[in-house]
Each structure stands twice: as C-alpha cells, then as structure tokens.
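Peer 1: Shown below is the structure under consideration.
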Amino acid sequence: MTEESFKRKLTAILSADVEGYSRLMGEDEDATIRTLTTYRELMSTLIQKHRGRVVYSPGDNLLAEFTSVVDAVRCSVEIQEELRVRNAELPENRRMEFRIGINLGDVVQEGERIYGDGVNITARVEGLAERGGICISGTVYDSIKNKLSLTYESLGEHTVKNITEPVRVYRMRVGPEAAAPVARGEKAGPGRWQKAALAAVVVLVVVTGAWSIWNFYVRPSPPSVEPASVERMAFPLPDKPSIAVLPFTNMSEDPKQEYFSDGITEEIITALSKVPKLFVIARNSTFTYKGKPVKVKQVAEELGVRYVLEGGVRKAGDKVRITAQLIDALTGHHLWAERYDRNLSDIFAVQDEITKKIITALQVKLTEGEQVRTAAKGTNNLEAYLKYLQANELLHRLNIESNALAKQLAEEAIALDPEYASAYFALGGAHMMDVWLGSSKSPKQSMARAMELLQKALVLDDTYAEAHGLLGFLYSMTRQHDKAVALAEKALALDPNSAECHYRLGKILVFNGRWEESIPEYKKAIRLNPIPPNTYLWSLGLSYGWTGQYEEAITWCKKAILQEPNSSLAHIMMAAVYGLSGREEEARAAAAEILRINPKFSLEKLAKSCTYRGKGDCERLFGALRKTGLK
C-alpha cells in the first residue's frame, strides 16, 4: 500500500454484533434474517441521524465511524433503547440483542475501508459488552465523562491482542439498569389506581403480543434490500438458479490479509461453478465490484442474475470468522445467513458447508457424483494453502514483479506439500505468464515447464477443470491440436460454468479451423463473465469476421478497443476484420492505430506466433492485414 492510497485519521469507531446469533439461526433462519434486516436498517438510520457512516455490515456485524465521540455514544444509547422496545414485542427466545463497543483511536483509511489498532481495540471492547449493553474504551470515557449525563462502571484494564498497552474499559449503564435504585423498605400494597394501571398494562401486553405475532410471523415481511427489476437486467435471466458471489470483505485489521478473503471468495465460486444445475458468474466480473459501495439490485441487474452472495472474513492468529448471506435480488429478501467462528485449520470444512448451504437454499438437488465434485480438494497443510492463496492473488496482478513472487510462493507451497495439485497449477501458470509478460529467457523452456507442472497437477487431481483447460490451451499453442480439443472439452464437462474454459475451448477450436463452432463458446464465456477481459471481445469479433458476419465482427472489435484503446491486439483484429470485409479505408485507419501504439510492429514477427492448424488460415489472416498497408 502506497502513501498515496491511504491516510491516517483519528475517529470514533462503533462495532456491534448479535449475541447468540448462531442459536437464533439454528432455531429459525427465516425469522432471524427478517429481524436482523429490520434491526440493521434501524441502526443504519440512527447512525446517519447522528452524523455517522456505516463502514460495512456483513452478516450480524456492523462497523461504523463518527467524527464526534459524543455522537457515537449518543447513537449507541439510542440504538439500544430502540432495540429494547422492539425486542419487548418478540417472544423471549426470539429476541435479538446486540453488543456494542466504542473506541476513539487512530485508523488507516483506504477508500471506504478503515483498518488499524483503533478498529482492533473496538472489536475487543465490544466483546466485553453484555447482551443489550455498551462498553467504551478509556479514550472514549475521558472524552465524554463531563459532557454526557450517563452512568459508567469501570471494568479495569484489559490486555488486547497485538496492542502493547492494556486498554481501560468502562461499561455504560443503559435502559432499566441506568435508573436510580429504588429505596429499601417495606412495600405498600397496590392501591385502586395501581390496580387499574396494572389491568391496562395487561391489556396492552396482550394487544402488543397479538400485533407482534401478526407483524413477524403472519404478515409478509418487507424486502430486506431494494428488489431488482427483470426488465432492467443487462442480460436475460438463465433458465436455472443464477448467482453472483461478491468479493468477501476483509474484516481483519491488516490490509495485507486481502489475499485470504479473496481466496475464500474464489474457492466458493469454484465449488459452485462445478454444479451443472447452477449458473455462476465468473470471478473476473464480480471482483470489479471489490471495495465499491454497490447495492445488490445494481449487481443483479448488471450481471443478469437472481441471487447474490456477500460476506466477510476476519482472520486473526489461528482463528477465523466468516459471515455470509444469500439474497434473492428479485424479492429483496435474505434466503440464508450464517456466521462461522472456527479455528483456521477448519477453513476447508467451512467452505464446503457454505457451498452446501447455498445449494440447499437454491433448492438444487445434487447427484452423489455432483456432491463429491463440489467438495473442496486440496491440502491438509494449512501453511501450504495460505501460500497458494497468496500466489494465486499475485498471478491476477499480471506484472513481472508479482509473477516472480507468485512463482516463489507456489514453489514453497509444493515444498510443504508435494501432493498439492493447486500449487502445481499456480506454478505452471506463473511459468506461462513469464512467456506472455516477456520475462522468460527461453520461452520454449518456460512453456515446456508450464505444461509439465499442469500435467503433474492432473496426476494428483484428474477433476481439476482449470488445469485441463489451461493445459489444452498450451497444447494448442504447441500445435498439438487433437489433444488440445480433448482436454478443453473435458474441462467443461467438469466445470460447465467456467467462463475461462469456454473461452479456451473457443480459442482451441479457432486454432483447429473450426471458426463457426468457436462463436457460441465465446458468447457463453461472455455471458458467464459479463465484464470480460479484452481478449474475449476481439476473439469473438475475429470469429464473426472469419465467417462473413462483418457487422457483428466490427461491433465486437469496437467494444474491445473502447475497453482498451491502447491494446495493439484489439486494433490488429479490427484491421483484419476490415481487411476481410473489403473496407480498405477503415482498415488503413486501424493499421495507423497499430503503428501509433507499436511503431516497430512487424507482420513477419507476428506470423511466427501463428499456430493455426491450417496453413491457409494463417495466409488468409496475414493477407487481410497486408491490405491495410502493414508490413
């Protein structure tokens, strides 16, 4: 993180979560989600009223910040008072009581997120609060003790993990416990007016109870979020349950833990993607929303899905907390939500459980074979797994420095567990990236090493769809075309929702001269990855051009150029399409753009990388480019 990407500031932080949330969910998920949604909306409204800002609120957790510590405390008191009134209307076993902690401390702000010791201390202070109660740190107490007429009880000093000095903590007395104590002595019997008042209270309780039963159990609950509109969706809804998994929020104090929350997200996407009865949006598209304050409605409409999964991950030492909630975007209601507090070593079991819960909530029934395929496969070595996640995150950065570090971490993961297929896949991908990034001293050797590592991954796990697909693509690049097609088709059989596998099959079909067949594969890839890489767009454009569908070809190549104006490959394909269609003036303009981007461009050098099976295909492509004046 660079100095330009974050700033430090002093802020008042409020942290809240539900006491006994797992019990409530276990007893009645639907009622718990309805209540949680209502209470969270109330809390957000009160936070805004007191000039605060909700930083994030995954699952039953909520983190907010205020510029004024007085505002933060007043807000927390009002929240607990309002929730106490609402809880009184519920059966005792269905009451949802929050613990609140407040701290005044220094934080690091990156975009909309905040990190640091200030947040860490707030979470620990919250953990000392009783259900329905509020605890504050010593810094908060010192700021408000002479400003607010409240009652405080010192809980002494507490040692907080990763904080050198002990933290003073105070319990605020709110609600009935904050009232003045009743004088001791003999109690008089109730008088006539007291009896009348008691009768009125009984009637009120009966009426309130009836209203509560109607409100929470009979009357349809209001939407949890603003519903999405089918008419406004960018794509038609698939004929099967469709889902987008948003990047899980990193709730740890350390921004360097982003790789872990991203890795958990990707593992869940991969597991769901293997289910043929689901439609799962690719990682590349959902991760474009990372760190942005987007609404479920927006995500559903832009990606063309009905369901959205969001959540958060907090990793601290050997403990991990994962929260997840599944939302039906068309109704605005939560279908399922859960929080998992586990040892880090249980991470694989948690991932499997989340996947199964989602599949169950979407009412999808799996065969025994499909159930086996969704189960996480990997390693029993936790350190190897964490190194793989870091390597995988670095590979997505697509630069030489990150790729070198990814290679090192993948090698370390293999050293820790020589039977770990994913680590071999990551290392193979890094060697392949050396070729594409131009950092390989011997591209031929790097390609051979990448293929060797992918073959090793498949020996260890023959169900590894991405390894089949990538190896097939490399076979195609080395002119082993029949092997390439077989591997690409097997990859899709294992993972029918993989946009990348559809794209790779499209490319492999093109290299085999099967241009017409490549078009539906590219289109499926783009539907699964609606915010696609540039290569998806111009690849589809070239296939349309090759088959004589020139208007479609020009449309898709223009989309590629609009997305990446300085992509030489996009302009090359645009020039080729114009050349194929006989539009010479536009073709020469496209060629001028190629030379603007790369003045040293050479058709002779480009021809060396042409691996089409049919010699006539290469000749046709370069013939179209020569018409533009390129040499």
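By order of appearance in the structure tokens: chains A, B, ..., then residues from 1 within every chain, and ligands from 1 in the order shown.
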Quick one: residues within 10 Å of range 581-586 of chain A, only C-alpha atoms, excluding same-chain residues fewer than 4 positions away - as a VMD selection string?

Peer 2: chain A and resid 545 to 546 548 to 551 553 to 554 574 to 577 590 to 592 624 627 to 629

Peer 1: Tell me which protein, DNA and RNA residues are within 8 Å of range 35-45 of chain A, counting only C-alpha atoms, leaving out same-chain ones fewer than 3 positions away, and put them as a ChimeraX atom specification.

Peer 2: /A:31-32,48-49,54,60,79,83,96,224

Peer 1: So how far away is CA of Leu562 in chain A from CA of Pro520 in chain A, in Å?

Peer 2: 22.6 Å

Peer 1: Can you pull out every residue within 10 Å of range 431-442 of chain A, counting only C-alpha atoms, but drop anything in the same chain fewer than 5 positions away, and send it as a PyMOL selection string?

Peer 2: chain A and resi 395+398-401+403-404+406-407+426+447-451+453+470+474
